[in-house]
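Input: a single structure, listed below in structure tokens.
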Amino acid sequence: MKTLLFANNKLTNFSSDKKLRIALILMILLSCALTAILQGGQFSFSSHYTKLFILSFFFLIYIVLLAYLKISKQLTENSQVFMILLLGVLLRCSYVLLSGLYDRQHDAGAYTGMGTSFVNPGHIGYIEYIYKFHKLPDLNPYELFAYYHPPLHHILSYLWLQFNIWLGVSEELAFENLQILPLLYSCLSMTVTWKILKVLEVKGNGLIIGLAFMAFHPATIIMAGSVNNDMLTILFMCLILLGALKWIRHKDLKHLIPLALSIGFGMITKLNSAVLAIPLAILFLMHFLSVLGTRQKGMILKWIRNYCVFAAVVMPIGLSWIIRNLIRFGEKPGVPVPGETSPMYTAGFSLWSRLGIPTLADWNFSFPFHPISAKACNNTWVIMFHTALFTEEYPTSLPDILLLLCQIAFVLSVILGIAAAILLVVVLVNKRTDQETRIFMLTGYVILLVSFAAFVIIYPYTCSSDFRYVAICLVYTSVALGLGNRYFLQLPPLSGNLFSKAAPVFMHIINWGILTLLGLVHIIYLFWERW
């Protein structure tokens, strides 16, 4: 009887989750489409205050809907998830509508339009090249900045650009609408994070806080308006995490193929997405050794075939850009660098100064913004925290009250960032976490940080320490928050020692700290005239 009830509950939850997933995807697509229509029309030429008034109206509707659900007691877990992601989508759409094509971009370059024969640098120039000549660049991709990146994001952007032009959108506004695709990727990343937490059986407050962290952290909101390939890379890395966790639980070819596609398309977007293939390879090796241990010839042949299929999907897609550049230009994978004369050059400073534990002076808590210059700040971890909250902004005139809030938010982010990293390790070594999930998530997190440090050493510039290169760590923090709440607040302790008694207290402190930080940051952004 209990088995039947359990099965019925699982079926009901599956049906409910499926409906929620469909509702979320439809909401995201409609929101992105509306944003594209507004940005591609007269809304773009409206005054700043008119835009704020219209967007405020949408937020007012949101507040009324939330109040209605609360008063009518319809705020179930799934409706809370929907409302969190709806607010996350509203914030991202608002940011895109209030930000221009060249605001807070990374390596964006410029476009000059179809009427010229200029070949422009940067990601916008890369997209424009395909737009003008209807083909990938013929030139050596290392001769023009940003062209060395794999082309998936730029091809998709070109197709979207052409679609806008076909609909009659002016060329200027069609280029402005390049922000819509990263907006879509950012919104979908929130949905994938929700699915990751569901696979890990996170429920209740753990699900809400873990998801809210990903939805409201400023990094992915700002990246939603970027026109480079960072946000699509993060989406594919989220899909790799989700696919790996699903494969751990099912271990069949059905779940291996989507995982292979996520890695392949991730690599053809940005090569660093392949970092997550390393912990996955460890899982595959562990699994195959266990298959060999069965001594069943049929099972061994089956998994040899499955892994060959996986490789046959990943390799042609993921390695295509590398092979093309090797054959046509004799170029190996790498990143063009600005040179030793750049003010961002950090190689002249000691390795400990760049990657060691920062001193109190390094943090510069009195003005917590990234100064770009290596002489002002060259510690990777400090720059990572600076850019995580405030990207590469360095405001010269900030009201005293906002500066105070920035200082408080930055101190909180450093404390909570360290606490979240420790929490992640604690929940993953917890006996309630299965061994394969533990190995995959822990090794993946460590490899991400090690590869980040290696990248900074190989390319010694302050821009290499930007948080956007490890923004996928936000998902790991969401997992830490979700599992932390599940293990220490929602389930009985595994033992009666001092740790089990103290853990709930620390979990409550982290929860409230995270919510306070997110609230502070959004107050700062709301009143920061730069936006």
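Please note that chains go A, B, ... in the order of the structure tokens, that every chain numbers its residues from 1, and that ligands are numbered from 1 in the order shown.
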Return as CSV the residues of stretch 49-122 of chain A lying at most 12 Å from stretch 392-415 of chain A, together with the closest atom-to-atom pair for each and the distance in Å to one decimal, counting only C-alpha atoms, with rows in chain order and ascending residue number.
```
residue,atom,partner,partner_atom,distance
A:Asp103,CA,A:Glu393,CA,10.5
A:Arg104,CA,A:Glu392,CA,7.6
A:Gln105,CA,A:Glu392,CA,9.3
A:His106,CA,A:Glu392,CA,9.2
```
Subject >> Two-atom distance - atom CA of A:Pro371, atom CA of A:Pro121 (Å) >> reply: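 Computed distance, atom CA of A:Pro371 to atom CA of A:Pro121, equals 24.2 Å.
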**OP:** Tell me which protein, DNA and RNA residues are within 10 Å of A:Ile383, counting only C-alpha atoms, leaving out same-chain ones fewer than 2 positions away, and put them as number ranges by chain.
**Re:** A: 354, 362-363, 368-372, 377-381, 385-388, 391-392, 462-467
Original post:
DSSP on the backbone: what in stretch 126-222 of chain A comes out helix (DSSP H, G or I), as an NGL selection string?
Top reply: :A and (126-133 or 152-166 or 171-199 or 204-216 or 218-222)
Original post:
Hey, what's within 12 Å of A:Ser353 if we count only C-alpha atoms and toss same-chain stuff fewer than 3 positions away? As an MDAnalysis selection string, please?
Top reply: chainID A and resid 346:350 356:359 361:362 374:375 377:382 457
Suppose we keep C-alpha atoms; can you now write the selection as a short mmCIF file (atom, residue, chain, number, x, y, z; two decimals), in the first residue's frame?
```cif
data_model
loop_
_atom_site.label_atom_id
_atom_site.label_comp_id
_atom_site.auth_asym_id
_atom_site.auth_seq_id
_atom_site.Cartn_x
_atom_site.Cartn_y
_atom_site.Cartn_z
CA THR A 346 50.21 41.08 -14.14
CA ALA A 347 53.22 38.85 -14.93
CA GLY A 348 55.53 41.33 -13.24
CA PHE A 349 53.93 40.55 -9.88
CA SER A 350 54.67 37.43 -7.84
CA GLY A 356 47.64 33.74 -2.91
CA ILE A 357 45.48 34.74 0.04
CA PRO A 358 44.72 38.47 -0.38
CA THR A 359 45.94 40.92 2.23
CA ALA A 361 44.89 46.13 1.62
CA ASP A 362 44.20 44.04 -1.52
CA ALA A 374 47.35 45.69 -12.29
CA LYS A 375 49.26 48.19 -10.15
CA CYS A 377 44.91 45.41 -7.86
CA ASN A 378 46.30 42.17 -9.29
CA ASN A 379 44.95 39.50 -6.90
CA THR A 380 42.70 37.14 -8.84
CA TRP A 381 40.31 36.38 -5.98
CA VAL A 382 39.77 40.04 -5.13
CA ILE A 457 48.83 32.33 -15.12
#
```
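Each of A:Val96, A:Val309, A:Ile240, A:Ile221 was checked against A:Leu253 using only C-alpha atoms; the smallest atom-to-atom distance is that of A:Val309.
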Determine, counting only C-alpha atoms, which protein, DNA and RNA residues have an atom within 8 Å of an atom of stretch 314-320 of chain A; residues of the same chain fewer than 4 positions away are not included. Present the result as a compact mmCIF listing (two decimals) with C-alpha atoms, in the first residue's frame.
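Saved to out_22.txt:
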```txt
# COMPACT_ATOMS: atom_id res chain seq x y z
CA ALA A 260 27.16 14.52 -25.37
CA LEU A 261 25.29 17.23 -27.29
CA ILE A 263 29.39 19.18 -24.22
CA GLY A 264 29.80 19.32 -28.00
CA PHE A 265 27.74 22.48 -28.49
CA GLY A 266 29.31 23.99 -25.36
CA MET A 267 32.77 23.54 -26.88
CA ILE A 268 31.69 25.06 -30.19
CA PHE A 310 29.05 9.40 -26.95
CA ARG A 324 39.47 23.88 -38.83
```
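Residue nearest A:Met223, chosen from A:Leu442, A:Ala471, A:Met237, A:Val426 and counting only C-alpha atoms: A:Ala471.
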